[in-house]
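Colleague: One file: entry.txt (compact mmCIF, C-alpha atoms).
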# COMPACT_ATOMS: atom_id res chain seq x y z
CA MET V 1 -57.81 -16.36 4.71
CA LYS V 2 -56.98 -19.97 3.89
CA LYS V 3 -54.74 -22.40 5.78
CA ILE V 4 -53.34 -25.21 3.66
CA ALA V 5 -51.61 -28.33 4.98
CA ILE V 6 -48.89 -29.67 2.67
CA LEU V 7 -48.05 -33.36 2.99
CA SER V 8 -45.74 -35.61 1.01
CA ASP V 9 -44.20 -39.07 0.98
CA ILE V 10 -46.58 -40.97 3.24
CA HIS V 11 -45.37 -44.37 2.00
CA ALA V 12 -48.36 -46.35 3.31
CA ASN V 13 -47.48 -45.40 6.89
CA LYS V 14 -50.96 -44.88 8.32
CA TYR V 15 -49.67 -44.92 11.88
CA VAL V 16 -47.66 -41.72 11.43
CA LEU V 17 -50.17 -40.14 9.04
CA ASP V 18 -52.84 -40.45 11.74
CA LEU V 19 -50.59 -38.69 14.25
CA VAL V 20 -50.01 -35.83 11.81
CA LEU V 21 -53.71 -35.51 11.00
CA ASP V 22 -54.49 -35.44 14.72
CA GLN V 23 -52.08 -32.50 15.08
CA LEU V 24 -53.71 -30.75 12.16
CA LYS V 25 -57.17 -30.99 13.71
CA LYS V 26 -56.07 -28.15 16.01
CA GLU V 27 -55.09 -25.90 13.09
CA SER V 28 -58.42 -25.13 11.35
CA ILE V 29 -57.06 -26.36 8.02
CA ASP V 30 -59.09 -25.34 4.96
CA GLU V 31 -57.28 -27.30 2.27
CA TYR V 32 -54.87 -30.23 1.99
CA ILE V 33 -52.26 -30.83 -0.70
CA VAL V 34 -50.43 -34.16 -1.14
CA CYS V 35 -47.25 -34.26 -3.23
CA GLY V 36 -47.17 -37.96 -4.12
CA ASP V 37 -45.60 -41.22 -2.91
CA MET V 38 -48.59 -42.28 -0.86
CA ILE V 39 -47.98 -46.01 -1.30
CA THR V 40 -45.36 -48.79 -0.87
CA ASP V 41 -42.83 -49.27 1.96
CA GLY V 42 -45.67 -50.18 4.30
CA TYR V 43 -48.79 -52.29 4.40
CA GLN V 44 -51.66 -49.79 4.47
CA SER V 45 -51.59 -48.31 0.99
CA ASN V 46 -55.36 -48.72 0.57
CA GLU V 47 -56.15 -47.12 3.90
CA VAL V 48 -53.81 -44.19 3.22
CA LEU V 49 -55.28 -43.65 -0.25
CA ASN V 50 -58.79 -43.70 1.19
CA GLN V 51 -57.79 -41.04 3.71
CA VAL V 52 -56.16 -38.90 1.02
CA LYS V 53 -59.22 -39.16 -1.22
CA ALA V 54 -61.42 -38.04 1.66
CA LEU V 55 -59.14 -35.08 2.40
CA THR V 56 -58.50 -33.50 -0.98
CA ASP V 57 -58.44 -33.52 -4.76
CA HIS V 58 -55.12 -31.66 -4.74
CA VAL V 59 -52.95 -34.76 -5.25
CA VAL V 60 -50.21 -35.72 -7.72
CA PHE V 61 -48.50 -38.90 -8.88
CA GLY V 62 -45.19 -39.89 -7.27
CA ASN V 63 -42.44 -42.26 -8.37
CA ARG V 64 -43.79 -44.99 -6.08
CA GLU V 65 -47.13 -44.81 -7.83
CA GLU V 66 -45.29 -44.82 -11.17
CA LYS V 67 -43.39 -47.95 -10.10
CA ILE V 68 -46.60 -49.88 -9.48
CA PHE V 69 -47.75 -49.23 -13.04
CA SER V 70 -44.47 -50.57 -14.42
CA TYR V 71 -45.27 -54.13 -13.25
CA ASP V 72 -45.80 -56.53 -16.15
CA GLY V 73 -47.44 -59.26 -14.05
CA PHE V 74 -44.48 -61.57 -13.62
CA SER V 75 -41.00 -59.98 -13.66
CA TRP V 76 -40.98 -59.02 -9.96
CA ASP V 77 -42.08 -62.39 -8.65
CA GLU V 78 -38.67 -64.03 -8.31
CA PHE V 79 -36.69 -61.06 -7.03
CA SER V 80 -36.69 -60.21 -3.32
CA ARG V 81 -35.67 -56.66 -4.22
CA ASN V 82 -39.20 -56.07 -5.49
CA ALA V 83 -41.01 -57.78 -2.61
CA SER V 84 -42.28 -54.52 -1.15
CA TYR V 85 -43.58 -53.31 -4.51
CA LEU V 86 -45.20 -56.67 -5.19
CA TYR V 87 -46.84 -56.64 -1.76
CA THR V 88 -48.36 -53.25 -2.57
CA PHE V 89 -49.42 -54.26 -6.08
CA ASN V 90 -51.18 -57.39 -4.81
CA SER V 91 -52.92 -55.58 -1.95
CA LEU V 92 -54.17 -52.52 -3.86
CA SER V 93 -57.92 -52.49 -4.38
CA ARG V 94 -59.22 -52.14 -7.92
CA GLU V 95 -60.80 -48.83 -6.95
CA ASN V 96 -57.51 -47.40 -5.68
CA TYR V 97 -55.54 -48.76 -8.62
CA LEU V 98 -57.89 -46.91 -10.98
CA TYR V 99 -57.74 -43.80 -8.78
CA LEU V 100 -53.95 -43.69 -9.06
CA LYS V 101 -54.23 -43.86 -12.85
CA THR V 102 -56.18 -40.59 -12.80
CA LEU V 103 -53.49 -38.60 -10.99
CA PRO V 104 -51.40 -36.06 -12.92
CA ILE V 105 -47.61 -35.69 -12.80
CA TYR V 106 -48.20 -32.09 -11.80
CA LYS V 107 -51.09 -29.70 -11.50
CA VAL V 108 -51.62 -25.99 -10.98
CA ILE V 109 -54.40 -24.87 -8.67
CA GLU V 110 -55.49 -21.47 -7.44
CA ILE V 111 -56.29 -20.68 -3.80
CA GLU V 112 -57.08 -17.17 -2.58
CA GLY V 113 -55.74 -15.70 -5.80
CA LYS V 114 -52.38 -17.51 -5.60
CA LYS V 115 -51.36 -20.08 -8.20
CA ILE V 116 -49.80 -23.21 -6.68
CA CYS V 117 -47.87 -25.72 -8.80
CA ILE V 118 -47.85 -29.18 -7.22
CA SER V 119 -45.41 -31.94 -8.24
CA HIS V 120 -43.46 -34.82 -6.70
CA GLY V 121 -39.96 -34.54 -8.14
CA SER V 122 -40.62 -31.64 -10.47
CA PRO V 123 -43.12 -31.09 -13.29
CA PHE V 124 -40.32 -32.01 -15.72
CA TYR V 125 -39.15 -35.26 -14.06
CA ILE V 126 -40.93 -37.28 -11.40
CA LYS V 127 -37.65 -38.34 -9.71
CA ASP V 128 -36.07 -34.89 -9.77
CA LYS V 129 -34.24 -34.03 -6.54
CA VAL V 130 -35.02 -30.41 -5.81
CA ASP V 131 -33.40 -28.33 -3.10
CA LYS V 132 -33.04 -24.60 -2.52
CA GLU V 133 -29.85 -24.47 -4.62
CA ARG V 134 -31.66 -25.52 -7.83
CA THR V 135 -32.13 -21.96 -9.07
CA ALA V 136 -31.67 -22.98 -12.73
CA LEU V 137 -34.67 -25.28 -12.33
CA PHE V 138 -36.58 -22.51 -10.59
CA ASP V 139 -35.90 -20.26 -13.58
CA GLU V 140 -37.24 -22.92 -15.95
CA LEU V 141 -40.37 -23.33 -13.86
CA LEU V 142 -40.96 -19.59 -13.74
CA LYS V 143 -40.54 -19.46 -17.52
CA HIS V 144 -42.77 -22.39 -18.45
CA ILE V 145 -45.26 -22.88 -15.58
CA SER V 146 -46.45 -19.62 -14.08
CA ALA V 147 -47.16 -19.87 -10.36
CA ASN V 148 -46.68 -18.02 -7.11
CA ILE V 149 -45.85 -21.15 -5.12
CA TYR V 150 -44.11 -24.35 -6.27
CA LEU V 151 -44.38 -27.55 -4.21
CA PHE V 152 -42.12 -30.61 -4.40
CA GLY V 153 -41.62 -33.92 -2.60
CA HIS V 154 -39.44 -36.97 -3.27
CA THR V 155 -36.23 -36.04 -1.42
CA HIS V 156 -37.88 -36.28 2.04
CA ASP V 157 -35.76 -33.24 2.91
CA ALA V 158 -37.73 -30.16 3.97
CA PHE V 159 -36.86 -26.71 2.64
CA TYR V 160 -38.44 -23.47 1.58
CA SER V 161 -36.98 -20.62 -0.41
CA PHE V 162 -38.16 -17.30 -1.84
CA TYR V 163 -36.75 -16.73 -5.33
CA LYS V 164 -37.65 -14.01 -7.82
CA GLY V 165 -40.95 -13.32 -6.10
CA SER V 166 -42.12 -16.94 -5.84
CA LEU V 167 -41.99 -19.46 -3.00
CA PHE V 168 -40.46 -22.93 -3.48
CA ILE V 169 -41.32 -25.58 -0.87
CA ASN V 170 -40.65 -29.20 0.03
CA PRO V 171 -42.53 -30.17 3.20
CA GLY V 172 -40.28 -33.17 3.87
CA ALA V 173 -41.93 -36.52 4.52
CA ILE V 174 -44.60 -38.09 6.66
CA SER V 175 -42.63 -41.35 6.56
CA LEU V 176 -38.82 -41.49 6.43
CA ALA V 177 -38.12 -37.76 6.85
CA ALA V 178 -34.50 -37.09 5.89
CA GLY V 179 -32.10 -36.74 8.80
CA LYS V 180 -34.87 -36.97 11.41
CA LYS V 181 -35.08 -39.47 14.26
CA CYS V 182 -38.70 -40.60 14.76
CA VAL V 183 -40.16 -37.40 13.33
CA ALA V 184 -42.56 -36.66 10.49
CA THR V 185 -42.36 -33.30 8.73
CA TYR V 186 -45.00 -31.32 6.87
CA GLY V 187 -45.92 -27.71 6.23
CA ILE V 188 -48.69 -25.18 6.70
CA LEU V 189 -49.23 -22.46 4.13
CA THR V 190 -51.39 -19.47 5.09
CA ILE V 191 -52.70 -17.11 2.43
CA ASP V 192 -54.31 -14.02 3.89
CA ASP V 193 -55.29 -10.95 1.88
CA GLY V 194 -52.54 -11.57 -0.67
CA LYS V 195 -49.87 -12.30 1.92
CA VAL V 196 -48.25 -15.74 2.08
CA LEU V 197 -46.80 -17.31 5.23
CA TYR V 198 -45.14 -20.74 5.32
CA GLU V 199 -44.41 -22.71 8.49
CA GLU V 200 -42.43 -25.94 8.75
CA ARG V 201 -43.97 -28.38 11.20
CA SER V 202 -42.90 -31.67 12.75
CA CYS V 203 -44.63 -34.55 14.50
CA PRO V 204 -42.63 -36.87 16.77
CA PHE V 205 -43.54 -40.52 17.19
CA SER V 206 -42.50 -43.49 19.31
CA PHE V 207 -40.16 -45.97 17.64
CA SER V 208 -41.48 -48.75 19.84
CA SER V 209 -45.02 -48.04 18.66
CA LEU V 210 -43.85 -47.73 15.06
CA LYS V 211 -42.08 -51.09 15.23
CA ASN V 212 -45.12 -52.75 16.76
CA TYR V 213 -47.24 -51.23 14.00
CA TYR V 214 -45.04 -52.75 11.27
CA PHE V 215 -44.82 -56.08 13.06
CA GLN V 216 -48.57 -56.54 13.34
CA ASP V 217 -48.91 -57.26 9.63
CA LYS V 218 -47.42 -59.97 7.40
CA TYR V 219 -45.59 -57.19 5.48
CA HIS V 220 -42.67 -57.56 7.90
CA ASP V 221 -42.20 -61.26 7.14
CA ALA V 222 -42.81 -60.85 3.41
CA CYS V 223 -40.34 -57.96 3.10
CA ILE V 224 -38.08 -58.45 6.12
CA GLU V 225 -34.98 -56.90 4.53
CA TRP V 226 -36.65 -53.69 3.37
CA CYS V 227 -38.79 -53.47 6.50
CA ASN V 228 -35.62 -53.47 8.63
CA ILE V 229 -33.99 -50.85 6.43
CA ILE V 230 -36.91 -48.43 6.62
CA LEU V 231 -37.40 -48.95 10.35
CA TYR V 232 -33.75 -48.15 11.09
CA THR V 233 -33.93 -45.13 8.76
CA MET V 234 -36.77 -43.73 10.85
CA LYS V 235 -35.22 -44.72 14.18
CA LEU V 236 -31.73 -43.33 13.58
CA GLY V 237 -32.32 -40.50 11.12
CA VAL V 238 -29.75 -42.08 8.80
CA ASN V 239 -30.72 -42.74 5.18
CA HIS V 240 -30.19 -46.48 5.30
CA CYS V 241 -32.47 -46.83 2.26
CA GLU V 242 -29.99 -45.11 -0.06
CA LYS V 243 -26.96 -46.50 1.78
CA PHE V 244 -28.20 -50.08 1.46
CA ILE V 245 -29.05 -49.75 -2.24
CA SER V 246 -25.61 -48.26 -2.86
CA PHE V 247 -24.01 -51.14 -0.94
CA LEU V 248 -26.07 -53.68 -2.90
CA GLU V 249 -25.10 -52.20 -6.25
CA SER V 250 -21.40 -52.20 -5.40
CA HIS V 251 -21.30 -55.86 -4.33
CA SER V 252 -21.98 -59.06 -6.26
CA LEU V 253 -24.44 -60.39 -3.72
CA SER V 254 -28.08 -61.40 -3.69
CA TRP V 255 -30.59 -59.04 -2.09
CA HIS V 256 -30.76 -61.12 1.10
CA ASP V 257 -27.01 -61.74 1.36
CA ALA V 258 -26.32 -58.06 0.77
CA PHE V 259 -28.81 -57.25 3.52
CA LEU V 260 -27.04 -59.56 5.98
CA GLU V 261 -23.64 -58.10 5.14
CA TYR V 262 -24.94 -54.53 5.34
CA MET V 263 -26.55 -55.08 8.73
CA LYS V 264 -23.29 -56.56 10.01
CA LYS V 265 -21.27 -53.66 8.60
CA GLU V 266 -23.60 -51.08 10.18
CA ASP V 267 -23.80 -53.04 13.46
CA LEU V 268 -27.59 -53.25 13.28
CA GLU V 269 -29.59 -56.06 14.86
CA ILE V 270 -32.16 -57.70 12.60
CA LEU V 271 -35.62 -56.81 13.85
Can you present the structure in this file as structure tokens?
Modeller:
Amino acid sequence: MKKIAILSDIHANKYVLDLVLDQLKKESIDEYIVCGDMITDGYQSNEVLNQVKALTDHVVFGNREEKIFSYDGFSWDEFSRNASYLYTFNSLSRENYLYLKTLPIYKVIEIEGKKICISHGSPFYIKDKVDKERTALFDELLKHISANIYLFGHTHDAFYSFYKGSLFINPGAISLAAGKKCVATYGILTIDDGKVLYEERSCPFSFSSLKNYYFQDKYHDACIEWCNIILYTMKLGVNHCEKFISFLESHSLSWHDAFLEYMKKEDLEIL
């Protein structure tokens, strides 16, 4: 028998990751799988990557990792919209930068006789948004990448679905879980004598402690707009990240001015 913890979308949030790992210490976990987006949107990308490296080799590239490798060395510097990415790029150690370059877009592993396909969006597109209704995608995966279990991340929205004899899973997110107030989500997969059991798990956290955690680093001041957006997303369970970007793109305003207008519209106090 093997118990496998499935994590995704940590987003440099070591505070919540540590709470989840503390929960998992009680579970006799044999293997860990991480479905990408370990960095950005927080200030402890190096520390999170070091923890992930110590836990497992079963790791894939996410769109946040992809974004870091798109930086040309100058184009982000004058745009506040990229402040969080730039903060991560400048803080990443050389060792971790090179580690990220080694990660695949997807990989297939075998545990206890079961093939597991790991990806962030999907093996075909790193920003794919997969939910249980994507049966056409499931058919393509079954046709081109043979596996018993398919794992996804990216949407931050947990689901699992049995389809044509295979199991399709998104564990949700360690940081910024969709529709959840101050909760991280992850999953535990048990493979025992050919039988597969999947359990969705959650880990609550204190918003006050989370806010203090973000405020104790210069990340908050360097990226005050985005830091507020992600904190309110976690506090209220409302996807202010997508809502703010949509608001920004529909108004002819600078990043900061759009932030001020959005906060006023949503009746949110600047933290």
Colleague: Excluding Glu269 in chain V and any residue of its chain fewer than 6 positions from it, enumerate the residues within 10 Å of it, using all atoms listed in the file, and give them as a PDB file with C-alpha atoms, keeping the file's coordinate frame.
Modeller:
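As a result, out-v9.pdb now contains:
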ATOM      1  CA  ASN V 228     -35.620 -53.470   8.630  1.00  0.00           C
ATOM      2  CA  TYR V 232     -33.750 -48.150  11.090  1.00  0.00           C
ATOM      3  CA  LEU V 260     -27.040 -59.560   5.980  1.00  0.00           C
ATOM      4  CA  MET V 263     -26.550 -55.080   8.730  1.00  0.00           C
TER       5      MET V 263
END
Colleague: Just want the 9 Å neighbourhood of Ile149 in chain V, counted on all atoms listed in the file, with same-chain residues fewer than 5 positions away dropped. Output as a list in words.
Modeller: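 What passes the distance filter is Lys114, Lys115, Ile116, Cys117, Ile118, Ser166, Leu167, Phe168 and Ile169 of chain V.
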Colleague: Got a sec: who's within 10 Å of range 97-109 of chain V, counting all atoms listed in the file, leaving out chain neighbours fewer than 5 positions off, as number ranges by chain?
Modeller: V: 35-36, 38, 46, 49, 53, 57-63, 65-66, 68-69, 89, 91-92, 114-126, 145-147, 149-152
Colleague: So the first atom is CA of Tyr85 in chain V and the second is CA of Tyr71 in chain V; what is the distance between them in Å, to one decimal place?
Modeller: 8.9 Å
Colleague: Go through V:Phe74, V:Tyr219, V:Trp255, V:Tyr186 one by one, measure the shortest atom-to-atom distance of each to Ala12 in chain V using only C-alpha atoms, and give the residue with the smallest value.
Modeller: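 Checking each of V:Phe74, V:Tyr219, V:Trp255, V:Tyr186 against Ala12 in chain V, counting only C-alpha atoms, the winner is V:Tyr219.
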Colleague: Which residues come within 12 Å of Lys143 in chain V, counting all atoms listed in the file, excluding same-chain residues fewer than 6 positions away, as a list in words?
Modeller: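 Listed by chain and then number, they are Ala136, Leu137 and Lys164 of chain V.
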Colleague: So how many Å separate CA of Ser246 in chain V and CA of Phe205 in chain V, to one decimal?
Modeller: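 Those two atoms sit 28.0 Å apart.
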Colleague: Could you pull the residues within 8 Å of Asn170 in chain V, counting all atoms listed in the file, minus those fewer than 6 positions along the same chain, as a PyMOL selection string?
Modeller: chain V and resi 131+151-153+156-160
Colleague: Return the single residue from V:Asp18, V:Glu27, V:Asp128, V:Glu261 that is closest to Arg201 in chain V, with distances computed using only C-alpha atoms.
Modeller: V:Glu27
